[in-house]
Amino acid sequence: MDALKSLVQPLVGGGGGSSMVDGVKLVVLGGTVETARRMASSGWNHFINSFFLTAHFSEEDYPYDWLMLWLSRRPEWQRSREFETTTRTTTSGLSSRVADNSFGDDDDTEDDVPGKVKTRVVFQPTANTTHTIYYRGHWLRVRRGRKTDGSGCEVLSISVVARNNSILKQLVLQAKKEYEAEAVHRIQIYFADSHGCWRWTDSRHKRPISSIVLNPGVKEMLLADTKDFLKSEKWYADRGIPFRRGYLLHGVPGSGKSSLIHAIAGELMLDIYVVSLSSSWINDSTLTTLMGRVPARCIVLLEDLDAAFTRSTSRDDSSTGNPDGSDSSEKESAREHSSSSRHRRSKDHLSDTNTLSLSGLLNALDGVAAAEGRLLFATTNHLERLDPALSRPGRMDVWVEFKNASKWQAEALFRNFFPSTEEDEPTEAELASIELPSPSLVPVTPSDLASNPDSDAMFTVGSPSLPSSMSSTSISSMTTRVSSVRSRTMSEVGTPSTSSTPKYLPPAVEDEIAEFQHSAPPIDAATLSRLARQFADSIPEDEFSVAALQGYLLKNKSRPECAASAAAAWVVSERELRERLKKEKEARELKEKLEKEKRRKELEHEKKEKEAEEAAKAKETSKEETPKPTENATAAPVQTKVIPVPPPTTQESSSDDGNDNDENVPPATGSSGWVNVDESSSPTPSPPSPA
Ligand SMILES: Nc1ncnc2c1ncn2[C@@H]1O[C@H](COP(=O)(O)OP(=O)(O)OP(=O)(O)O)[C@@H](O)[C@H]1O
């Protein structure tokens with residue numbers, strides 16, 4: 001204390017110096033104290049930090065998700081005096097995840113409406129503040145901030161006083177375990193974005209593979225193949241074969257291609273990374289970046305492979321997937337629309353903005369930058385439109401064809417759809433017991449197919465031949481049954497009360513509407529078998545997609561009897577509907593064609609008229625402007641005179657590059673067709689040379 005006094009004494013002065021000097025002394029004193037404080041604080045921080053181990057977890061990487069979930073479950077979080085709440089899943093992850101300290105609608109169980117969306121609020125670490133959490137005998141300092149590199153990515157930093165990083169490793173492993181336990185019933189879906197990044201989009205319940213109705217053995221073959229691949233990394237490495245495997249699922253829409261991929265992902269516990277090649281923004285470099293960024297074990301799904309080079313949203317027969325765009329109808333229409341095409345195409349089609357090339361796609365799939373260890377699934381509805389290079393072995397190793405539903409599939413679908421009283425009924429075994437000539441399940445490569453295109457070389461899903469026991473039932477008898485069911489249900493439902501005798505009676509509630517909400521009670525196995533068979537009998541072989549049948553069954557979700565008996569009538573009505581739609585489409589196309597033709601003729605006519613008009617005008621002007629010989633030409637002062645230049649004929653201009661738009665391009669001389677010439681150098685326009 002005395003020492004401090006002796007230090008301060010000379011500064012504050014004992015003898016009454018001027019107040020100015022005292023002020024300066026105080027400033028110096030203050031500055032010295034502040035500097036000392038700062039130095040002490042930074043020294044202390046440095047000292048403390050030298051004992052801390054710090055790990056940073058970026059939002060872009062998985063451990064961030066694991067730790068955020070782990071943190072949100074810590075009891076300390078609830079007691080924390082500073083926290084954030086969110087109703088969103090904070091990061092890519094589990095939409096269903098419910099942290100222990102979360103709260104929300106489902107705490108209120110009284111008015112629990114089935115299917116009601118429940119909002120849960122989850123605690124999460126506040127940004128830019130340090131939280132302390134006790135974990136296995138250590139105090140963790142947790143801080144959530146943002147990267148300073150301009151990306152704006154969130155970073156979670158966890159520091160701990162420890163001799164080595166084993167406590168942090170334990171923490172990450174525990175967080176991972178908890179996350180995976182949560183995720184075990186779900187699969188994560190990531191979609192590619194236009195910046196070449198994967199964005200978490202959805203977390204879906206795993207689909208049981210038994211819910212996919214395919215010919216016996218197909219699912220098993222695919223599952224076994226994928227499993228075998230995932231554990232054969234060394235085998236591939238030893239032989240110098242790139243550790244990748246491609247599966248091409250092709251065939252009619254709504255036959256279960258995407259569903260099967262989801263089921264396989266669930267079975268193998270893999271996430272799905274989806275690229276839609278028909279996206280307008282996709283190009284060579286984005287695709288390459290995306291392919292280089294998929295994790296080692298995952299499923300990459302290329303949807304609509306045939307649409308890669310067309311960008312047409314239409315999936316009908318007129319859209320082409322040919323890499324060279326050599327679809328004849330398209331070529332024809334391209335020729336038809338050659339006039340003003342450039343202008344219109346930029347508006348109507350996205351194709352101009354896309355620069356995805358075949359070589360770019362091939363490179364992305366198996367170039368040096370492509371990730372290894374992933375399972376590539378590609379789907380297409382038009383196999384014939386794929387370039388052979390795209391579907392060759394090495395890129396697409398296994399092909400599976402999906403067809404419209406067979407009777408066997410219809411029956412299996414029905415059995416899967418309605419609940420049975422015998423819960424432990426071995427559905428799969430029972431399905432397998434149905435006799436049918438099963439297709440060969442030896443994987444066949446595209447080359448086999450090429451060598452024998454007619455053979456049923458691929459795995460074919462759907463349309464096995466019909467067992468004789470499943471011969472079709474007459475449609476008329478089915479229709480009769482439908483009407484009887486209708487009349488019965490109508491009488492059951494009854495009409496609304498008319499006690500107040502209103503003037504206009506409301507129409508009777510349709511039986512379909514009246515029963516729509518109810519779910520079917522479980523059916524006993526024998527009845528289910530009978531109904532399933534009846535349903536399958538009514539469904540024609542290879543005509544309707546499984547999705548269409550599923551749609552029909554959904555409409556009759558609560559009425560298995562009706563679903564079975566009305567199936568034949570539904571088939572008839574669907575056929576009629578198709579026929580009508582087909583006719584309408586044809587009529588529309590014809591109308592469009594005629595309109596196009598008319599427009600083309602009009603344009604041609606307009607063009608001719610314009611040409612004639614211009615030619616006449618040019619002729620007239622040249623006549624008017626022909627200079628008369630002047631008597632005193634030699635004495636005339638030097639003047640600038642305008643001389644007409646006939647505009648180039650449309651034929652000439654269009655012959656340059658064949659672009660009809662050239663008629664809109666002003667000639668180099670200016671739109672008026674006049675040039676300025678110096679009269680001194682050319683007093684009169686020289687006539688064309690006789691040569
Ligand atoms: N084989 C099948 N087994 C079970 N459900 C199926 C099957 N095929 C289609 N479905 C049902 O039909 C709907 C559409 O199926 P999915 O999307 O898998 O067909 P897709 O072949 O991928 O069609 P697209 O080619 O149009 O993408 C899904 O709801 C699915 O449940």
# chains A, B, ... in the order shown; residues from 1 in each chain; ligands from 1
>>> closest_atom_pairs(of="chain A", to="ligand 1", cutoff="10 Å", atoms="only C-alpha atoms and all ligand atoms", output="JSON lines")
{"residue": "A:Arg207", "atom": "CA", "partner": "ligand 1", "partner_atom_place_in_ligand_line": "31 (O)", "distance": 9.2}
{"residue": "A:Ile209", "atom": "CA", "partner": "ligand 1", "partner_atom_place_in_ligand_line": "4 (C)", "distance": 9.0}
{"residue": "A:Ser210", "atom": "CA", "partner": "ligand 1", "partner_atom_place_in_ligand_line": "4 (C)", "distance": 8.6}
{"residue": "A:Ser211", "atom": "CA", "partner": "ligand 1", "partner_atom_place_in_ligand_line": "4 (C)", "distance": 5.7}
{"residue": "A:Ile212", "atom": "CA", "partner": "ligand 1", "partner_atom_place_in_ligand_line": "3 (N)", "distance": 3.6}
{"residue": "A:Val213", "atom": "CA", "partner": "ligand 1", "partner_atom_place_in_ligand_line": "3 (N)", "distance": 3.7}
{"residue": "A:Leu214", "atom": "CA", "partner": "ligand 1", "partner_atom_place_in_ligand_line": "1 (N)", "distance": 5.1}
{"residue": "A:Asn215", "atom": "CA", "partner": "ligand 1", "partner_atom_place_in_ligand_line": "1 (N)", "distance": 8.6}
{"residue": "A:Leu249", "atom": "CA", "partner": "ligand 1", "partner_atom_place_in_ligand_line": "21 (O)", "distance": 8.3}
{"residue": "A:His250", "atom": "CA", "partner": "ligand 1", "partner_atom_place_in_ligand_line": "25 (O)", "distance": 7.8}
{"residue": "A:Gly251", "atom": "CA", "partner": "ligand 1", "partner_atom_place_in_ligand_line": "21 (O)", "distance": 7.1}
{"residue": "A:Val252", "atom": "CA", "partner": "ligand 1", "partner_atom_place_in_ligand_line": "25 (O)", "distance": 6.1}
{"residue": "A:Pro253", "atom": "CA", "partner": "ligand 1", "partner_atom_place_in_ligand_line": "25 (O)", "distance": 3.6}
{"residue": "A:Gly254", "atom": "CA", "partner": "ligand 1", "partner_atom_place_in_ligand_line": "19 (O)", "distance": 3.4}
{"residue": "A:Ser255", "atom": "CA", "partner": "ligand 1", "partner_atom_place_in_ligand_line": "8 (N)", "distance": 3.6}
{"residue": "A:Gly256", "atom": "CA", "partner": "ligand 1", "partner_atom_place_in_ligand_line": "8 (N)", "distance": 3.1}
{"residue": "A:Lys257", "atom": "CA", "partner": "ligand 1", "partner_atom_place_in_ligand_line": "22 (O)", "distance": 3.8}
{"residue": "A:Ser258", "atom": "CA", "partner": "ligand 1", "partner_atom_place_in_ligand_line": "22 (O)", "distance": 3.7}
{"residue": "A:Ser259", "atom": "CA", "partner": "ligand 1", "partner_atom_place_in_ligand_line": "18 (O)", "distance": 3.6}
{"residue": "A:Leu260", "atom": "CA", "partner": "ligand 1", "partner_atom_place_in_ligand_line": "18 (O)", "distance": 6.3}
{"residue": "A:Ile261", "atom": "CA", "partner": "ligand 1", "partner_atom_place_in_ligand_line": "18 (O)", "distance": 8.0}
{"residue": "A:His262", "atom": "CA", "partner": "ligand 1", "partner_atom_place_in_ligand_line": "18 (O)", "distance": 8.4}
{"residue": "A:Ala263", "atom": "CA", "partner": "ligand 1", "partner_atom_place_in_ligand_line": "18 (O)", "distance": 9.8}
{"residue": "A:Glu303", "atom": "CA", "partner": "ligand 1", "partner_atom_place_in_ligand_line": "27 (O)", "distance": 7.7}
{"residue": "A:Asp304", "atom": "CA", "partner": "ligand 1", "partner_atom_place_in_ligand_line": "25 (O)", "distance": 7.7}
{"residue": "A:Arg315", "atom": "CA", "partner": "ligand 1", "partner_atom_place_in_ligand_line": "26 (O)", "distance": 9.0}
{"residue": "A:Thr379", "atom": "CA", "partner": "ligand 1", "partner_atom_place_in_ligand_line": "25 (O)", "distance": 7.0}
{"residue": "A:Thr380", "atom": "CA", "partner": "ligand 1", "partner_atom_place_in_ligand_line": "25 (O)", "distance": 6.5}
{"residue": "A:Asn381", "atom": "CA", "partner": "ligand 1", "partner_atom_place_in_ligand_line": "25 (O)", "distance": 5.7}
{"residue": "A:His382", "atom": "CA", "partner": "ligand 1", "partner_atom_place_in_ligand_line": "25 (O)", "distance": 9.5}
{"residue": "A:Glu401", "atom": "CA", "partner": "ligand 1", "partner_atom_place_in_ligand_line": "21 (O)", "distance": 9.9}
{"residue": "A:Phe402", "atom": "CA", "partner": "ligand 1", "partner_atom_place_in_ligand_line": "21 (O)", "distance": 7.2}
{"residue": "A:Lys403", "atom": "CA", "partner": "ligand 1", "partner_atom_place_in_ligand_line": "21 (O)", "distance": 8.8}
{"residue": "A:Asn404", "atom": "CA", "partner": "ligand 1", "partner_atom_place_in_ligand_line": "8 (N)", "distance": 8.6}
{"residue": "A:Ala405", "atom": "CA", "partner": "ligand 1", "partner_atom_place_in_ligand_line": "1 (N)", "distance": 7.6}
{"residue": "A:Gln409", "atom": "CA", "partner": "ligand 1", "partner_atom_place_in_ligand_line": "1 (N)", "distance": 7.5}
{"residue": "A:Ala410", "atom": "CA", "partner": "ligand 1", "partner_atom_place_in_ligand_line": "3 (N)", "distance": 9.4}
{"residue": "A:Ala412", "atom": "CA", "partner": "ligand 1", "partner_atom_place_in_ligand_line": "3 (N)", "distance": 8.9}
{"residue": "A:Leu413", "atom": "CA", "partner": "ligand 1", "partner_atom_place_in_ligand_line": "4 (C)", "distance": 6.8}
{"residue": "A:Asn416", "atom": "CA", "partner": "ligand 1", "partner_atom_place_in_ligand_line": "4 (C)", "distance": 8.8}
{"residue": "A:Phe417", "atom": "CA", "partner": "ligand 1", "partner_atom_place_in_ligand_line": "4 (C)", "distance": 9.6}
{"residue": "A:Val461", "atom": "CA", "partner": "ligand 1", "partner_atom_place_in_ligand_line": "1 (N)", "distance": 7.9}
{"residue": "A:Gly462", "atom": "CA", "partner": "ligand 1", "partner_atom_place_in_ligand_line": "1 (N)", "distance": 8.0}
{"residue": "A:Ser545", "atom": "CA", "partner": "ligand 1", "partner_atom_place_in_ligand_line": "8 (N)", "distance": 7.0}
{"residue": "A:Val546", "atom": "CA", "partner": "ligand 1", "partner_atom_place_in_ligand_line": "8 (N)", "distance": 4.5}
{"residue": "A:Ala547", "atom": "CA", "partner": "ligand 1", "partner_atom_place_in_ligand_line": "12 (O)", "distance": 3.4}
{"residue": "A:Ala548", "atom": "CA", "partner": "ligand 1", "partner_atom_place_in_ligand_line": "12 (O)", "distance": 7.1}
{"residue": "A:Leu549", "atom": "CA", "partner": "ligand 1", "partner_atom_place_in_ligand_line": "12 (O)", "distance": 8.2}
{"residue": "A:Gln550", "atom": "CA", "partner": "ligand 1", "partner_atom_place_in_ligand_line": "11 (C)", "distance": 6.2}
{"residue": "A:Gly551", "atom": "CA", "partner": "ligand 1", "partner_atom_place_in_ligand_line": "12 (O)", "distance": 7.8}
>>> closest_atom_pairs(of="range 120-200 of chain A", to="range 268-285 of chain A", cutoff="7 Å", atoms="only C-alpha atoms", output="CSV")
residue,atom,partner,partner_atom,distance
A:Ile187,CA,A:Asp271,CA,5.6
A:Gln188,CA,A:Asp271,CA,5.0
A:Ile189,CA,A:Ile272,CA,4.9
A:Tyr190,CA,A:Tyr273,CA,4.7
A:Phe191,CA,A:Val274,CA,4.9
A:Ala192,CA,A:Val275,CA,5.5
A:Ser194,CA,A:Trp281,CA,5.9
>>> closest_residue(among="A:Asp542, A:Glu592, A:Asp193, A:Asp225", to="Tyr247 in chain A", atoms="only C-alpha atoms")
A:Asp225
>>> atom_distance(atom1="CA of Ser565 in chain A", atom2="CA of Leu531 in chain A")
8.0 Å
>>> select_by_dssp(residues="range 181-278 of chain A", states="strand (DSSP E or B)", output="tab-separated table (two decimals) with all heavy atoms, in the first residue's frame")
chain	number	residue	atom	x	y	z
A	186	ARG	N	-36.03	-43.56	-39.51
A	186	ARG	CA	-36.24	-42.55	-40.55
A	186	ARG	C	-35.06	-42.52	-41.52
A	186	ARG	O	-33.96	-42.93	-41.17
A	186	ARG	CB	-36.41	-41.16	-39.92
A	186	ARG	CG	-37.50	-41.10	-38.88
A	186	ARG	CD	-37.71	-39.70	-38.38
A	186	ARG	NE	-38.42	-38.90	-39.37
A	186	ARG	CZ	-39.73	-38.87	-39.50
A	186	ARG	NH1	-40.49	-39.61	-38.72
A	186	ARG	NH2	-40.30	-38.12	-40.41
A	187	ILE	N	-35.34	-42.01	-42.71
A	187	ILE	CA	-34.23	-41.78	-43.63
A	187	ILE	C	-34.22	-40.29	-43.98
A	187	ILE	O	-35.26	-39.65	-44.02
A	187	ILE	CB	-34.32	-42.62	-44.93
A	187	ILE	CG1	-35.71	-42.53	-45.55
A	187	ILE	CG2	-33.90	-44.03	-44.71
A	187	ILE	CD1	-35.77	-43.10	-46.93
A	188	GLN	N	-33.04	-39.81	-44.19
A	188	GLN	CA	-32.88	-38.39	-44.49
A	188	GLN	C	-32.78	-38.20	-46.00
A	188	GLN	O	-32.09	-38.96	-46.67
A	188	GLN	CB	-31.62	-37.81	-43.84
A	188	GLN	CG	-31.44	-38.17	-42.38
A	188	GLN	CD	-32.61	-37.70	-41.52
A	188	GLN	OE1	-33.21	-36.67	-41.78
A	188	GLN	NE2	-32.95	-38.50	-40.52
A	189	ILE	N	-33.46	-37.19	-46.49
A	189	ILE	CA	-33.43	-36.93	-47.93
A	189	ILE	C	-32.74	-35.58	-48.15
A	189	ILE	O	-33.13	-34.58	-47.54
A	189	ILE	CB	-34.85	-36.84	-48.53
A	189	ILE	CG1	-35.75	-37.94	-47.98
A	189	ILE	CG2	-34.80	-36.84	-50.05
A	189	ILE	CD1	-35.74	-39.23	-48.67
A	190	TYR	N	-31.77	-35.59	-49.00
A	190	TYR	CA	-31.07	-34.35	-49.35
A	190	TYR	C	-31.32	-34.06	-50.82
A	190	TYR	O	-31.28	-34.97	-51.64
A	190	TYR	CB	-29.56	-34.49	-49.12
A	190	TYR	CG	-29.20	-34.69	-47.66
A	190	TYR	CD1	-29.29	-35.95	-47.08
A	190	TYR	CD2	-28.78	-33.63	-46.88
A	190	TYR	CE1	-28.97	-36.15	-45.75
A	190	TYR	CE2	-28.46	-33.82	-45.54
A	190	TYR	CZ	-28.55	-35.09	-44.98
A	190	TYR	OH	-28.25	-35.27	-43.67
A	191	PHE	N	-31.53	-32.81	-51.12
A	191	PHE	CA	-31.71	-32.42	-52.52
A	191	PHE	C	-30.57	-31.51	-52.94
A	191	PHE	O	-30.07	-30.72	-52.13
A	191	PHE	CB	-33.04	-31.69	-52.71
A	191	PHE	CG	-34.14	-32.60	-53.16
A	191	PHE	CD1	-34.86	-33.34	-52.25
A	191	PHE	CD2	-34.44	-32.74	-54.50
A	191	PHE	CE1	-35.88	-34.20	-52.65
A	191	PHE	CE2	-35.45	-33.59	-54.92
A	191	PHE	CZ	-36.16	-34.32	-54.00
A	192	ALA	N	-30.20	-31.62	-54.20
A	192	ALA	CA	-29.13	-30.76	-54.72
A	192	ALA	C	-29.68	-29.36	-54.90
A	192	ALA	O	-30.83	-29.20	-55.34
A	192	ALA	CB	-28.67	-31.32	-56.05
A	198	TRP	N	-25.61	-29.79	-51.09
A	198	TRP	CA	-26.71	-30.67	-50.73
A	198	TRP	C	-27.48	-30.03	-49.59
A	198	TRP	O	-26.88	-29.64	-48.59
A	198	TRP	CB	-26.18	-32.04	-50.29
A	198	TRP	CG	-25.54	-32.80	-51.41
A	198	TRP	CD1	-24.22	-32.97	-51.63
A	198	TRP	CD2	-26.21	-33.47	-52.48
A	198	TRP	NE1	-24.01	-33.71	-52.76
A	198	TRP	CE2	-25.22	-34.04	-53.31
A	198	TRP	CE3	-27.55	-33.65	-52.83
A	198	TRP	CZ2	-25.53	-34.77	-54.45
A	198	TRP	CZ3	-27.86	-34.38	-53.97
A	198	TRP	CH2	-26.85	-34.93	-54.76
A	199	ARG	N	-28.75	-29.92	-49.76
A	199	ARG	CA	-29.59	-29.33	-48.71
A	199	ARG	C	-30.50	-30.40	-48.14
A	199	ARG	O	-31.21	-31.07	-48.90
A	199	ARG	CB	-30.46	-28.21	-49.29
A	199	ARG	CG	-29.68	-27.03	-49.73
A	199	ARG	CD	-29.55	-25.99	-48.64
A	199	ARG	NE	-28.39	-25.15	-48.92
A	199	ARG	CZ	-27.45	-24.84	-48.04
A	199	ARG	NH1	-27.53	-25.28	-46.82
A	199	ARG	NH2	-26.44	-24.08	-48.37
A	200	TRP	N	-30.48	-30.51	-46.84
A	200	TRP	CA	-31.40	-31.45	-46.22
A	200	TRP	C	-32.83	-30.98	-46.48
A	200	TRP	O	-33.13	-29.80	-46.31
A	200	TRP	CB	-31.14	-31.53	-44.72
A	200	TRP	CG	-32.12	-32.40	-44.04
A	200	TRP	CD1	-32.07	-33.74	-43.93
A	200	TRP	CD2	-33.32	-31.98	-43.39
A	200	TRP	NE1	-33.17	-34.20	-43.26
A	200	TRP	CE2	-33.95	-33.14	-42.91
A	200	TRP	CE3	-33.93	-30.75	-43.17
A	200	TRP	CZ2	-35.15	-33.10	-42.23
A	200	TRP	CZ3	-35.13	-30.71	-42.49
A	200	TRP	CH2	-35.73	-31.89	-42.02
A	201	THR	N	-33.66	-31.88	-46.93
A	201	THR	CA	-35.01	-31.49	-47.31
A	201	THR	C	-36.08	-32.17	-46.47
A	201	THR	O	-37.09	-31.58	-46.15
A	201	THR	CB	-35.27	-31.85	-48.79
A	201	THR	OG1	-34.12	-31.48	-49.52
A	201	THR	CG2	-36.47	-31.15	-49.35
A	202	ASP	N	-35.83	-33.42	-46.16
A	202	ASP	CA	-36.91	-34.14	-45.53
A	202	ASP	C	-36.35	-35.32	-44.74
A	202	ASP	O	-35.26	-35.80	-45.02
A	202	ASP	CB	-37.86	-34.65	-46.63
A	202	ASP	CG	-39.19	-35.09	-46.08
A	202	ASP	OD1	-39.44	-34.85	-44.90
A	202	ASP	OD2	-39.99	-35.67	-46.84
A	203	SER	N	-37.13	-35.72	-43.78
A	203	SER	CA	-36.79	-36.93	-43.05
A	203	SER	C	-38.04	-37.79	-43.10
A	203	SER	O	-39.10	-37.35	-42.66
A	203	SER	CB	-36.42	-36.52	-41.64
A	203	SER	OG	-36.75	-37.52	-40.73
A	204	ARG	N	-37.93	-38.97	-43.67
A	204	ARG	CA	-39.14	-39.77	-43.87
A	204	ARG	C	-39.07	-41.07	-43.08
A	204	ARG	O	-37.98	-41.61	-42.86
A	204	ARG	CB	-39.28	-40.16	-45.35
A	204	ARG	CG	-39.62	-38.99	-46.18
A	204	ARG	CD	-40.13	-39.44	-47.53
A	204	ARG	NE	-40.04	-38.32	-48.44
A	204	ARG	CZ	-40.01	-38.44	-49.74
A	204	ARG	NH1	-40.03	-39.63	-50.29
A	204	ARG	NH2	-39.95	-37.38	-50.50
A	205	HIS	N	-40.23	-41.53	-42.73
A	205	HIS	CA	-40.29	-42.84	-42.10
A	205	HIS	C	-39.78	-43.87	-43.08
A	205	HIS	O	-40.06	-43.78	-44.28
A	205	HIS	CB	-41.72	-43.16	-41.72
A	205	HIS	CG	-42.03	-42.76	-40.32
A	205	HIS	ND1	-41.46	-43.38	-39.24
A	205	HIS	CD2	-42.81	-41.78	-39.82
A	205	HIS	CE1	-41.89	-42.81	-38.13
A	205	HIS	NE2	-42.70	-41.82	-38.45
A	245	ARG	N	-21.30	-48.58	-57.62
A	245	ARG	CA	-22.24	-49.50	-58.26
A	245	ARG	C	-23.49	-48.73	-58.66
A	245	ARG	O	-24.01	-47.92	-57.90
A	245	ARG	CB	-22.59	-50.64	-57.30
A	245	ARG	CG	-23.24	-51.81	-58.01
A	245	ARG	CD	-22.78	-53.11	-57.42
A	245	ARG	NE	-23.49	-54.26	-57.96
A	245	ARG	CZ	-23.07	-54.96	-59.02
A	245	ARG	NH1	-21.95	-54.62	-59.63
A	245	ARG	NH2	-23.76	-55.99	-59.45
A	246	GLY	N	-23.91	-49.01	-59.88
A	246	GLY	CA	-25.07	-48.28	-60.40
A	246	GLY	C	-26.24	-49.20	-60.70
A	246	GLY	O	-26.06	-50.32	-61.17
A	247	TYR	N	-27.42	-48.73	-60.39
A	247	TYR	CA	-28.64	-49.49	-60.64
A	247	TYR	C	-29.58	-48.64	-61.49
A	247	TYR	O	-29.85	-47.49	-61.14
A	247	TYR	CB	-29.34	-49.83	-59.32
A	247	TYR	CG	-28.47	-50.65	-58.38
A	247	TYR	CD1	-27.54	-50.02	-57.55
A	247	TYR	CD2	-28.55	-52.03	-58.34
A	247	TYR	CE1	-26.72	-50.75	-56.70
A	247	TYR	CE2	-27.74	-52.78	-57.51
A	247	TYR	CZ	-26.82	-52.13	-56.69
A	247	TYR	OH	-26.02	-52.86	-55.86
A	248	LEU	N	-30.03	-49.23	-62.55
A	248	LEU	CA	-30.93	-48.50	-63.44
A	248	LEU	C	-32.33	-49.10	-63.31
A	248	LEU	O	-32.55	-50.25	-63.67
A	248	LEU	CB	-30.44	-48.59	-64.88
A	248	LEU	CG	-31.30	-47.88	-65.91
A	248	LEU	CD1	-31.30	-46.38	-65.69
A	248	LEU	CD2	-30.80	-48.17	-67.33
A	249	LEU	N	-33.24	-48.33	-62.77
A	249	LEU	CA	-34.62	-48.80	-62.64
A	249	LEU	C	-35.43	-48.10	-63.72
A	249	LEU	O	-35.52	-46.87	-63.73
A	249	LEU	CB	-35.19	-48.47	-61.26
A	249	LEU	CG	-34.34	-48.85	-60.04
A	249	LEU	CD1	-35.14	-48.66	-58.76
A	249	LEU	CD2	-33.84	-50.27	-60.11
A	250	HIS	N	-35.95	-48.87	-64.63
A	250	HIS	CA	-36.67	-48.24	-65.75
A	250	HIS	C	-38.02	-48.89	-65.94
A	250	HIS	O	-38.25	-50.04	-65.55
A	250	HIS	CB	-35.83	-48.35	-67.03
A	250	HIS	CG	-35.60	-49.76	-67.47
A	250	HIS	ND1	-36.37	-50.38	-68.41
A	250	HIS	CD2	-34.70	-50.69	-67.07
A	250	HIS	CE1	-35.94	-51.62	-68.59
A	250	HIS	NE2	-34.92	-51.83	-67.78
A	251	GLY	N	-38.90	-48.14	-66.53
A	251	GLY	CA	-40.22	-48.71	-66.81
A	251	GLY	C	-41.31	-47.69	-66.63
A	251	GLY	O	-41.05	-46.49	-66.47
A	272	ILE	N	-30.52	-40.53	-48.63
A	272	ILE	CA	-30.69	-40.43	-50.09
A	272	ILE	C	-30.34	-39.01	-50.54
A	272	ILE	O	-30.82	-38.03	-49.96
A	272	ILE	CB	-32.13	-40.77	-50.51
A	272	ILE	CG1	-32.49	-42.17	-50.03
A	272	ILE	CG2	-32.30	-40.68	-52.01
A	272	ILE	CD1	-33.87	-42.62	-50.45
A	273	TYR	N	-29.54	-38.93	-51.57
A	273	TYR	CA	-29.15	-37.64	-52.15
A	273	TYR	C	-29.75	-37.58	-53.56
A	273	TYR	O	-29.37	-38.35	-54.43
A	273	TYR	CB	-27.62	-37.52	-52.20
A	273	TYR	CG	-27.03	-37.35	-50.82
A	273	TYR	CD1	-26.95	-38.43	-49.95
A	273	TYR	CD2	-26.62	-36.10	-50.37
A	273	TYR	CE1	-26.47	-38.27	-48.67
A	273	TYR	CE2	-26.13	-35.94	-49.09
A	273	TYR	CZ	-26.06	-37.03	-48.24
A	273	TYR	OH	-25.58	-36.86	-46.97
A	274	VAL	N	-30.69	-36.68	-53.72
A	274	VAL	CA	-31.46	-36.68	-54.97
A	274	VAL	C	-31.01	-35.54	-55.89
A	274	VAL	O	-30.90	-34.40	-55.46
A	274	VAL	CB	-32.97	-36.49	-54.68
A	274	VAL	CG1	-33.79	-36.67	-55.94
A	274	VAL	CG2	-33.43	-37.44	-53.60
A	275	VAL	N	-30.77	-35.89	-57.15
A	275	VAL	CA	-30.53	-34.86	-58.17
A	275	VAL	C	-31.58	-35.06	-59.24
A	275	VAL	O	-31.71	-36.15	-59.79
A	275	VAL	CB	-29.16	-35.02	-58.87
A	275	VAL	CG1	-28.84	-33.80	-59.70
A	275	VAL	CG2	-28.06	-35.31	-57.90
A	276	SER	N	-32.30	-34.00	-59.51
A	276	SER	CA	-33.25	-34.09	-60.61
A	276	SER	C	-32.57	-33.50	-61.83
A	276	SER	O	-32.30	-32.30	-61.89
A	276	SER	CB	-34.52	-33.32	-60.26
A	276	SER	OG	-35.40	-33.45	-61.32
>>> closest_residue(among="A:Thr226, A:Asn363, A:Ser538, A:Ser42", to="Asp397 in chain A", atoms="only C-alpha atoms")
A:Thr226
>>> atom_distance(atom1="CA of Ala265 in chain A", atom2="CA of Val398 in chain A")
16.6 Å
>>> atom_distance(atom1="CA of Leu53 in chain A", atom2="CA of Tyr179 in chain A")
23.8 Å
>>> closest_atom_pairs(of="range 165-215 of chain A", to="range 60-77 of chain A", cutoff="9 Å", atoms="only C-alpha atoms", output="CSV")
residue,atom,partner,partner_atom,distance
A:Leu171,CA,A:Leu67,CA,8.3
A:Val172,CA,A:Pro63,CA,6.9
A:Leu173,CA,A:Trp66,CA,8.9
A:Gln174,CA,A:Trp70,CA,8.3
A:Ala175,CA,A:Trp66,CA,5.1
A:Lys176,CA,A:Trp66,CA,5.2
A:Lys177,CA,A:Trp66,CA,8.3
A:Glu178,CA,A:Trp70,CA,7.2
A:Tyr179,CA,A:Trp66,CA,5.5
A:Glu180,CA,A:Trp66,CA,8.4
